[in-house]
Every structure is written in C-alpha cells, then in structure tokens.
Amino acid sequence: MKDFIAIDFETANAHRTSVCSIGIIVVRDGEICDQFYSLIHPVPDYYHPINTSIHGLDDADTCDAPYFPEVWAQIEPLIGDLPFVAHNSPFDESCLKSVFEYYDMSYPQFQFHCTCKASRQKLGKMLPNHKLHTVAEYCGYDLLNHHNALADAEACAHIAIQLL
C-alpha cells in the first residue's frame with residue numbers, strides 16, 4: 001500500500017465523541033506529502049485526569065478550539081478516496097464514527113488498516129510488545145512526542161510504509 005492517510009485521535013475522556021486533537025499524515029507513492037493537525041473542542045466537554053496525564057491536553061487547550069465539523073471540513077479535501085491507517089485502528093475508527101454520528105454527519109464507509117495488527121502478524125515475538133513507540137522504533141522512527149496526535153500519526157505512517 002503506497003497511498004493512504006495515517007490518522008490519530010486523542011480523547012478528553014472515555015467517550016469516543018470526546019476527540020480533542022487529530023493528526024493526519026498523507027502518504028502518496030510511499031512518501032509523506034502532507035500533514036494536518038488540529039485541536040478540537042471535545043463533546044462532552046470535560047477532561048478526565050487519566051486522559052490529560054496521557055496526552056497533556058486540558059480544557060485550557062481546547063476551550064476556543066473548533067468543533068469537529070469545522071475541523072473535518074479542512075481535512076476532507078486531503079482524504080479523497082484514500083484508505084485510513086491507524087495503530088489500533090478500532091479505536092480511531094470508533095472515534096471517527098462516533099463524532100460523525102454525534103454531529104449527524106453522513107459517514108462514508110472508510111476503509112481502515114491497522115498497523116498494530118500488521119505488526120503482530122509480521123513481527124510476532126520479535127518485539128517485546130506491539131505498542132506504537134516500540135514498533136516505530138523497530139521501523140527506524142524515533143517517536144519523541146508520543147501521544148501528540150500528529151507525532152503518533154507520523155509514526156504510524158512510517159510503520160505502514162514498511163509493514164503494509
């Protein structure tokens with residue numbers, strides 16, 4: 001697979017609709033050619049301390065951020081008919097479906113591929129685990145800002161270029 005969109009969401013709380021940041025990496029012909037990052041005003045609008053401890057975002061970061069439909073309007077032209085790739089894609093796909101449903105937006109049947117699943121299949125017991133930072137390191141990518149949505153999407157893109 002040489003053309004795809006690597007995507008990563010961070011959430012404010014346990015609700016999949018509470019996306020508070022998104023990172024997008026556009027890959028064409030096996031090369032990163034574009035990127036997009038935005039904070040998003042989450043719904044419901046509160047941060048659970050566990051989530052904040054993971055990604056460092058809180059209400060002060062997103063209180064003036066655009067809501068998901070505004071952010072999606074900027075992302076949609078980048079996507080076209082490209083498939084999505086995510087590390088642990090069921091999470092990111094469920095976030096995307098949930099916010100589309102919450103905002104009563106028509107959800108296209110996006111195709112998702114999972115780099116975590118690909119890592120388990122192709123690398124098996126060669127790695128101590130198949131977490132994003134572990135697989136990224138194996139693939140030669142130094143993930144310095146883990147749990148920043150753009151950094152995680154870029155790590156995922158590097159993994160996908162090698163494993164998918």
# chains A, B, ... in the order shown; residues from 1 in each chain; ligands from 1

call {"tool": "select_by_dssp", "arguments": {"residues": "range 61-114 of chain A", "states": "strand (DSSP E or B)", "output": "ChimeraX atom specification"}}
result
/A:84-86,112-114

call {"tool": "write_last_selection", "arguments": {"atoms": "all heavy atoms", "output": "PDB file, in the first residue's frame"}}
result
ATOM      1  N   PHE A  84      -7.623   4.714   5.329  1.00  0.00           N
ATOM      2  CA  PHE A  84      -7.007   5.162   6.573  1.00  0.00           C
ATOM      3  C   PHE A  84      -6.129   4.055   7.146  1.00  0.00           C
ATOM      4  O   PHE A  84      -6.418   2.871   6.983  1.00  0.00           O
ATOM      5  CB  PHE A  84      -8.063   5.514   7.623  1.00  0.00           C
ATOM      6  CG  PHE A  84      -8.754   6.815   7.377  1.00  0.00           C
ATOM      7  CD1 PHE A  84     -10.039   6.845   6.868  1.00  0.00           C
ATOM      8  CD2 PHE A  84      -8.128   8.011   7.660  1.00  0.00           C
ATOM      9  CE1 PHE A  84     -10.688   8.040   6.642  1.00  0.00           C
ATOM     10  CE2 PHE A  84      -8.764   9.222   7.443  1.00  0.00           C
ATOM     11  CZ  PHE A  84     -10.049   9.232   6.932  1.00  0.00           C
ATOM     12  N   VAL A  85      -5.085   4.488   7.838  1.00  0.00           N
ATOM     13  CA  VAL A  85      -4.215   3.588   8.584  1.00  0.00           C
ATOM     14  C   VAL A  85      -4.088   4.173   9.977  1.00  0.00           C
ATOM     15  O   VAL A  85      -3.913   5.386  10.137  1.00  0.00           O
ATOM     16  CB  VAL A  85      -2.825   3.483   7.917  1.00  0.00           C
ATOM     17  CG1 VAL A  85      -1.868   2.704   8.794  1.00  0.00           C
ATOM     18  CG2 VAL A  85      -2.929   2.856   6.547  1.00  0.00           C
ATOM     19  N   ALA A  86      -4.195   3.321  10.992  1.00  0.00           N
ATOM     20  CA  ALA A  86      -4.038   3.766  12.376  1.00  0.00           C
ATOM     21  C   ALA A  86      -3.414   2.638  13.177  1.00  0.00           C
ATOM     22  O   ALA A  86      -3.531   1.465  12.815  1.00  0.00           O
ATOM     23  CB  ALA A  86      -5.377   4.170  12.975  1.00  0.00           C
ATOM     24  N   PHE A 112     -10.270   1.056   6.799  1.00  0.00           N
ATOM     25  CA  PHE A 112      -9.227   1.204   7.816  1.00  0.00           C
ATOM     26  C   PHE A 112      -8.295   0.003   7.803  1.00  0.00           C
ATOM     27  O   PHE A 112      -8.740  -1.134   7.650  1.00  0.00           O
ATOM     28  CB  PHE A 112      -9.851   1.325   9.218  1.00  0.00           C
ATOM     29  CG  PHE A 112     -10.143   2.725   9.645  1.00  0.00           C
ATOM     30  CD1 PHE A 112     -11.300   3.366   9.216  1.00  0.00           C
ATOM     31  CD2 PHE A 112      -9.274   3.412  10.472  1.00  0.00           C
ATOM     32  CE1 PHE A 112     -11.586   4.663   9.607  1.00  0.00           C
ATOM     33  CE2 PHE A 112      -9.545   4.711  10.875  1.00  0.00           C
ATOM     34  CZ  PHE A 112     -10.704   5.338  10.443  1.00  0.00           C
ATOM     35  N   HIS A 113      -7.004   0.278   7.986  1.00  0.00           N
ATOM     36  CA  HIS A 113      -5.989  -0.756   8.155  1.00  0.00           C
ATOM     37  C   HIS A 113      -5.285  -0.493   9.483  1.00  0.00           C
ATOM     38  O   HIS A 113      -5.123   0.658   9.886  1.00  0.00           O
ATOM     39  CB  HIS A 113      -4.967  -0.730   7.013  1.00  0.00           C
ATOM     40  CG  HIS A 113      -5.589  -0.965   5.682  1.00  0.00           C
ATOM     41  ND1 HIS A 113      -5.812  -2.226   5.181  1.00  0.00           N
ATOM     42  CD2 HIS A 113      -6.055  -0.097   4.751  1.00  0.00           C
ATOM     43  CE1 HIS A 113      -6.379  -2.128   4.001  1.00  0.00           C
ATOM     44  NE2 HIS A 113      -6.539  -0.843   3.713  1.00  0.00           N
ATOM     45  N   CYS A 114      -4.851  -1.552  10.128  1.00  0.00           N
ATOM     46  CA  CYS A 114      -4.269  -1.432  11.468  1.00  0.00           C
ATOM     47  C   CYS A 114      -2.791  -1.825  11.473  1.00  0.00           C
ATOM     48  O   CYS A 114      -2.449  -2.975  11.173  1.00  0.00           O
ATOM     49  CB  CYS A 114      -5.041  -2.304  12.445  1.00  0.00           C
ATOM     50  SG  CYS A 114      -4.476  -2.135  14.148  1.00  0.00           S
TER      51      CYS A 114
END

call {"tool": "residues_around", "arguments": {"residues": "Glu10 in chain A", "least_positions_apart": "4", "cutoff": "9 Å", "atoms": "only C-alpha atoms", "output": "ChimeraX atom specification"}}
result
/A:18-23,51,55,57,92,147-149

call {"tool": "residues_around", "arguments": {"residues": "Ser119 in chain A", "least_positions_apart": "5", "cutoff": "8 Å", "atoms": "only C-alpha atoms", "output": "list of chain:residue names"}}
result
A:Gly124, A:His130, A:Val135, A:Leu163

call {"tool": "write_last_selection", "arguments": {"atoms": "C-alpha atoms", "output": "mmCIF file, in the first residue's frame"}}
result
data_model
loop_
_atom_site.group_PDB
_atom_site.id
_atom_site.type_symbol
_atom_site.label_atom_id
_atom_site.label_comp_id
_atom_site.auth_asym_id
_atom_site.auth_seq_id
_atom_site.Cartn_x
_atom_site.Cartn_y
_atom_site.Cartn_z
ATOM 1 C CA GLY A 124 5.277 -11.577 16.107
ATOM 2 C CA HIS A 130 3.383 -4.043 19.732
ATOM 3 C CA VAL A 135 7.009 -0.732 16.608
ATOM 4 C CA LEU A 163 4.729 -3.215 7.057
#

call {"tool": "closest_residue", "arguments": {"among": "A:Asp8, A:Asp3, A:Asp59, A:Glu137", "to": "Ala151 in chain A", "atoms": "only C-alpha atoms"}}
result
A:Asp8

call {"tool": "closest_residue", "arguments": {"among": "A:Ala6, A:Ile159, A:Cys95, A:Ile54", "to": "Lys117 in chain A", "atoms": "only C-alpha atoms"}}
result
A:Ile159

call {"tool": "residues_around", "arguments": {"residues": "Tyr138 in chain A", "least_positions_apart": "2", "cutoff": "12 Å", "atoms": "only C-alpha atoms", "output": "list of chain:residue names"}}
result
A:Ser119, A:Leu123, A:Met126, A:Leu127, A:Pro128, A:Asn129, A:His130, A:Lys131, A:Leu132, A:His133, A:Thr134, A:Val135, A:Ala136, A:Gly140, A:Tyr141, A:Asp142, A:Leu143, A:Ala155, A:His158, A:Ile159, A:Gln162, A:Leu163

call {"tool": "closest_residue", "arguments": {"among": "A:Ala73, A:Val43, A:Ala153, A:Met1", "to": "Arg28 in chain A", "atoms": "only C-alpha atoms"}}
result
A:Met1

call {"tool": "closest_residue", "arguments": {"among": "A:Ser106, A:Thr11, A:Ile24, A:Phe4", "to": "Phe91 in chain A", "atoms": "only C-alpha atoms"}}
result
A:Thr11

call {"tool": "select_by_dssp", "arguments": {"residues": "range 4-153 of chain A", "states": "alpha helix (DSSP H)", "output": "ChimeraX atom specification"}}
result
/A:49-55,59-62,68-79,89-102,115-123,132-138,149-153

call {"tool": "closest_residue", "arguments": {"among": "A:Ala118, A:Leu164, A:Ile32, A:Val71", "to": "Phe100 in chain A", "atoms": "only C-alpha atoms"}}
result
A:Val71

call {"tool": "closest_residue", "arguments": {"among": "A:Ala12, A:Trp72, A:Gln109, A:Tyr37", "to": "Gly56 in chain A", "atoms": "only C-alpha atoms"}}
result
A:Ala12

call {"tool": "atom_distance", "arguments": {"atom1": "CA of Leu39 in chain A", "atom2": "CA of Cys139 in chain A"}}
result
27.8 Å
